[in-house]
Structure formats: structure tokens, C-alpha cells
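Engineer: Enclosed is the structure file data24.txt (compact mmCIF, C-alpha atoms (C1' of nucleotides)).
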```txt
# COMPACT_ATOMS: atom_id res chain seq x y z
CA MET A 1 33.52 147.37 86.84
CA PRO A 2 36.45 146.77 89.10
CA ASN A 3 37.94 144.30 86.75
CA THR A 4 41.02 143.78 88.81
CA LYS A 5 42.88 141.59 86.40
CA LYS A 6 40.49 139.36 84.52
CA THR A 7 43.16 137.91 82.36
CA LYS A 8 42.28 136.20 79.17
CA LYS A 9 42.79 132.92 80.84
CA ASP A 10 39.69 133.79 82.78
CA PHE A 11 37.74 133.29 79.63
CA PHE A 12 38.94 129.75 79.25
CA ASP A 13 38.34 129.08 82.90
CA LYS A 14 34.81 130.30 82.63
CA VAL A 15 34.12 128.11 79.66
CA TYR A 16 35.17 125.10 81.67
CA GLU A 17 32.94 126.15 84.53
CA ILE A 18 29.94 126.48 82.29
CA VAL A 19 30.50 123.31 80.33
CA ALA A 20 31.05 121.39 83.53
CA LYS A 21 27.69 122.63 84.76
CA ILE A 22 25.69 121.51 81.77
CA PRO A 23 22.93 119.27 83.13
CA LYS A 24 22.64 115.77 81.79
CA GLY A 25 20.29 115.52 78.87
CA LYS A 26 20.81 119.14 77.92
CA VAL A 27 22.97 120.84 75.35
CA THR A 28 24.26 124.34 74.89
CA THR A 29 25.80 126.31 72.09
CA TYR A 30 29.13 128.01 71.61
CA GLY A 31 27.51 131.38 71.28
CA ALA A 32 25.65 130.97 74.56
CA ILE A 33 28.85 130.14 76.37
CA ALA A 34 30.72 132.95 74.70
CA GLU A 35 27.99 135.38 75.56
CA THR A 36 27.93 134.18 79.14
CA CYS A 37 31.64 134.77 79.29
CA GLY A 38 30.99 138.28 78.19
CA ILE A 39 32.10 138.05 74.58
CA ARG A 40 29.67 136.75 72.02
CA SER A 41 32.19 137.13 69.23
CA ALA A 42 34.50 134.75 70.99
CA ALA A 43 32.46 131.75 70.05
CA ARG A 44 35.46 130.51 68.13
CA THR A 45 37.62 130.61 71.19
CA VAL A 46 35.05 128.50 72.96
CA GLY A 47 35.74 125.77 70.46
CA TRP A 48 39.42 125.99 71.25
CA ALA A 49 38.64 125.83 74.94
CA LEU A 50 36.77 122.61 74.36
CA ASN A 51 39.70 121.38 72.38
CA SER A 52 41.68 121.52 75.57
CA ALA A 53 38.66 120.40 77.51
CA LYS A 54 38.81 117.26 75.47
CA ASN A 55 41.81 116.46 77.62
CA THR A 56 39.73 116.92 80.72
CA ASN A 57 36.54 115.29 81.94
CA LEU A 58 34.35 118.04 80.64
CA PRO A 59 31.32 116.87 78.65
CA CYS A 60 32.34 118.67 75.50
CA HIS A 61 29.94 116.47 73.58
CA ARG A 62 27.09 118.46 75.11
CA VAL A 63 28.24 121.54 73.29
CA VAL A 64 26.97 121.98 69.76
CA ASN A 65 26.72 124.85 67.37
CA ARG A 66 23.74 127.17 67.07
CA ILE A 67 21.81 124.97 64.68
CA GLY A 68 22.39 121.85 66.75
CA ALA A 69 24.83 120.17 64.40
CA LEU A 70 27.70 118.20 65.87
CA THR A 71 30.39 120.22 64.20
CA GLY A 72 33.13 119.01 66.52
CA LYS A 73 32.28 115.36 66.26
CA ASN A 74 35.31 114.91 64.09
CA HIS A 75 37.55 116.01 66.92
CA PHE A 76 36.34 113.44 69.37
CA GLY A 77 38.38 110.71 67.81
CA ASN A 78 35.25 108.86 66.87
CA PRO A 79 32.65 110.93 65.05
CA MET A 80 29.83 108.66 66.07
CA LEU A 81 31.00 108.75 69.65
CA MET A 82 29.47 112.16 70.16
CA GLU A 83 26.13 111.10 68.82
CA GLU A 84 26.21 107.96 70.89
CA LEU A 85 26.99 109.90 74.05
CA LEU A 86 24.23 112.39 73.43
CA ARG A 87 21.73 109.69 72.63
CA ALA A 88 22.76 107.86 75.75
CA GLU A 89 21.94 111.00 77.72
CA GLY A 90 18.49 111.16 76.22
CA ILE A 91 19.13 113.78 73.58
CA GLU A 92 16.87 113.46 70.59
CA PHE A 93 18.07 113.92 67.06
CA THR A 94 16.24 115.01 63.97
CA LYS A 95 16.34 113.32 60.58
CA ASP A 96 19.21 115.56 59.67
CA ASN A 97 21.21 114.32 62.64
CA PHE A 98 20.70 117.65 64.33
CA VAL A 99 20.13 117.90 68.03
CA ASN A 100 16.63 118.86 69.08
CA MET A 101 17.63 122.22 70.47
CA SER A 102 14.04 123.29 71.09
CA LYS A 103 13.83 120.49 73.60
CA HIS A 104 17.29 120.17 75.07
CA PHE A 105 18.69 123.64 74.72
CA TRP A 106 20.14 124.78 78.03
CA HIS A 107 21.04 128.37 78.63
CA PRO A 108 24.04 128.78 80.96
CA LYS A 109 23.69 131.32 83.73
CA ARG A 110 26.37 133.69 84.81
CA VAL A 111 28.08 132.11 87.77
CA ASN A 112 30.01 135.24 88.63
CA LYS A 113 28.57 138.64 88.22
C1' DA B 1 59.75 135.08 66.44
C1' DA B 2 55.72 135.86 63.65
C1' DG B 3 51.73 134.32 61.37
C1' DC B 4 47.94 131.19 60.51
C1' DT B 5 44.53 128.20 61.83
C1' DG B 6 40.59 126.52 64.40
C1' DA B 7 34.70 122.48 66.93
C1' DC B 8 31.74 129.69 65.66
C1' DC B 9 28.68 133.70 65.70
C1' DT B 10 27.00 138.24 64.37
C1' DC B 11 26.72 142.31 61.70
C1' DG B 12 26.84 144.59 57.14
C1' DC B 13 25.91 145.32 52.25
C1' DG C 1 16.85 137.53 51.44
C1' DG C 2 21.55 135.85 50.24
C1' DC C 3 26.50 136.44 50.37
C1' DG C 4 30.74 138.30 52.58
C1' DA C 5 33.80 139.72 56.00
C1' DG C 6 35.15 140.66 60.73
C1' DG C 7 36.18 139.45 65.51
C1' DC C 8 37.75 136.80 69.67
C1' DC C 9 41.82 133.57 72.32
C1' DA C 10 45.17 130.20 72.44
C1' DG C 11 48.01 126.72 70.40
C1' DC C 12 50.89 125.08 66.65
C1' DT C 13 54.29 125.38 62.47
```
Written as C-alpha cells, how would this file's structure read?

Structural biologist:
Amino acid sequence: MPNTKKTKKDFFDKVYEIVAKIPKGKVTTYGAIAETCGIRSAARTVGWALNSAKNTNLPCHRVVNRIGALTGKNHFGNPMLMEELLRAEGIEFTKDNFVNMSKHFWHPKRVNK
DNA sequence: AAGCTGACCTCGC
DNA sequence: GGCGAGGCCAGCT
């Protein structure tokens, strides 16, 4: 691939693009985003990206881990805020407080090829 | 300045 | 099938 420069910052930028495009009432996972960015092992970095995204208007609450648990709820300031936001969007939760991934899982598509 | 941590995931034994 | 370690990027101490 040409790969002119594709700095690492591009990774962050892509994460924001994807997260910003998450439809209402849908959720995605860190791994999906990381994979869409081209690096599935960078799922961790995705979390960091959201950490900064927290400062932006990105719906970071729509991003959960692979099992559908709100791992980052603690970082929202109010743990229950995340659940409230998701419920307000129509996301359904299981008895274990896990998001119903089978129903609201949204797979991001590669914006740039 | 260097090293560790952090909202994870996947592969290996 | 369960447990362990590795890997990615950026920010903070």
C-alpha cells in the first residue's frame, strides 16, 4: 500500500471517526474498532483514545468490551451515567448488567480503504 | 528523560 | 478447557 505517512495519530483519528459514526441504539466493541483501524491488538489503545474522546462529544458510552460489560463506566465520572445513557438510547441490558450485544452490536465499516 | 500504566483482545501452552 | 503472557499507542509520574 502507498502508505504515505499514516502516522500513529491516524489511529486515534480513525477511532474518533468510527465512534462518532456509531448509530443511536447500537454499540460496538474495542476490538471491532481496533480491527477496523487495522490493528486488532491495539484494542487497548482504543480505550485510551476514548479517554481523550471523553473530552469531546463522542458517544464513548456506546463503546463496550467484547462481552458487553461497561468496563469504562468508572471513567465517566458517574458509573451509572453510562448505563443510563445506553438505556435512554434503547439499549437493553441483561440480568448481569451486560449489554445485549446480540441485538445492538454494530460492526463499524472501514471508512477509508 | 525513561518507564509504567491504562476503559482490551488474541494467541499459546 | 483453563491459565498466562504478549502486543498496541499515548499520556502521565

Engineer: Using only C-alpha atoms (C1' of nucleotides) and a distance of at most 10 Å, pull out the residues of chain A that contact chain C, as number ranges by chain.

Structural biologist: A: 8-9, 11-12, 34, 39-46, 48-49, 52

Engineer: Would you please work out which residue, of A:Ile91, A:Met82, A:Ala53, A:Ile67, is nearest to Tyr30 of chain A when using all atoms listed in the file?

Structural biologist: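 Between A:Ile91, A:Met82, A:Ala53, A:Ile67, the residue approaching Tyr30 of chain A most closely is A:Ile67.
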
Engineer: Specify as a list in words all residues of chain B found within 9 Å of chain A, counting only C-alpha atoms (C1' of nucleotides).

Structural biologist: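 Result: DG6, DA7, DC8, DC9 and DT10 of chain B.
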
Engineer: From the list A:Asn57, A:Arg62, A:Glu35, A:Gly77, which residue is nearest Glu89 of chain A when using only C-alpha atoms?

Structural biologist: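 Going through A:Asn57, A:Arg62, A:Glu35, A:Gly77 one by one, the smallest distance to Glu89 of chain A is for A:Arg62.
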
Engineer: Which distance in Å separates atom CA of Lys54 of chain A and atom CA of Trp106 of chain A, to one decimal?

Structural biologist: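 Pair atom CA of Lys54 of chain A / atom CA of Trp106 of chain A returns 20.3 Å.
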
Engineer: Please indicate the distance in Å from atom CA of Val27 of chain A to atom CA of Asp96 of chain A, rounded to one decimal place.

Structural biologist: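 The value is 17.0 Å.
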
Engineer: How many Å separate atom CA of Val19 of chain A from atom CA of Pro59 of chain A?

Structural biologist: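 So the two atoms, atom CA of Val19 of chain A and atom CA of Pro59 of chain A, lie 6.7 Å apart.
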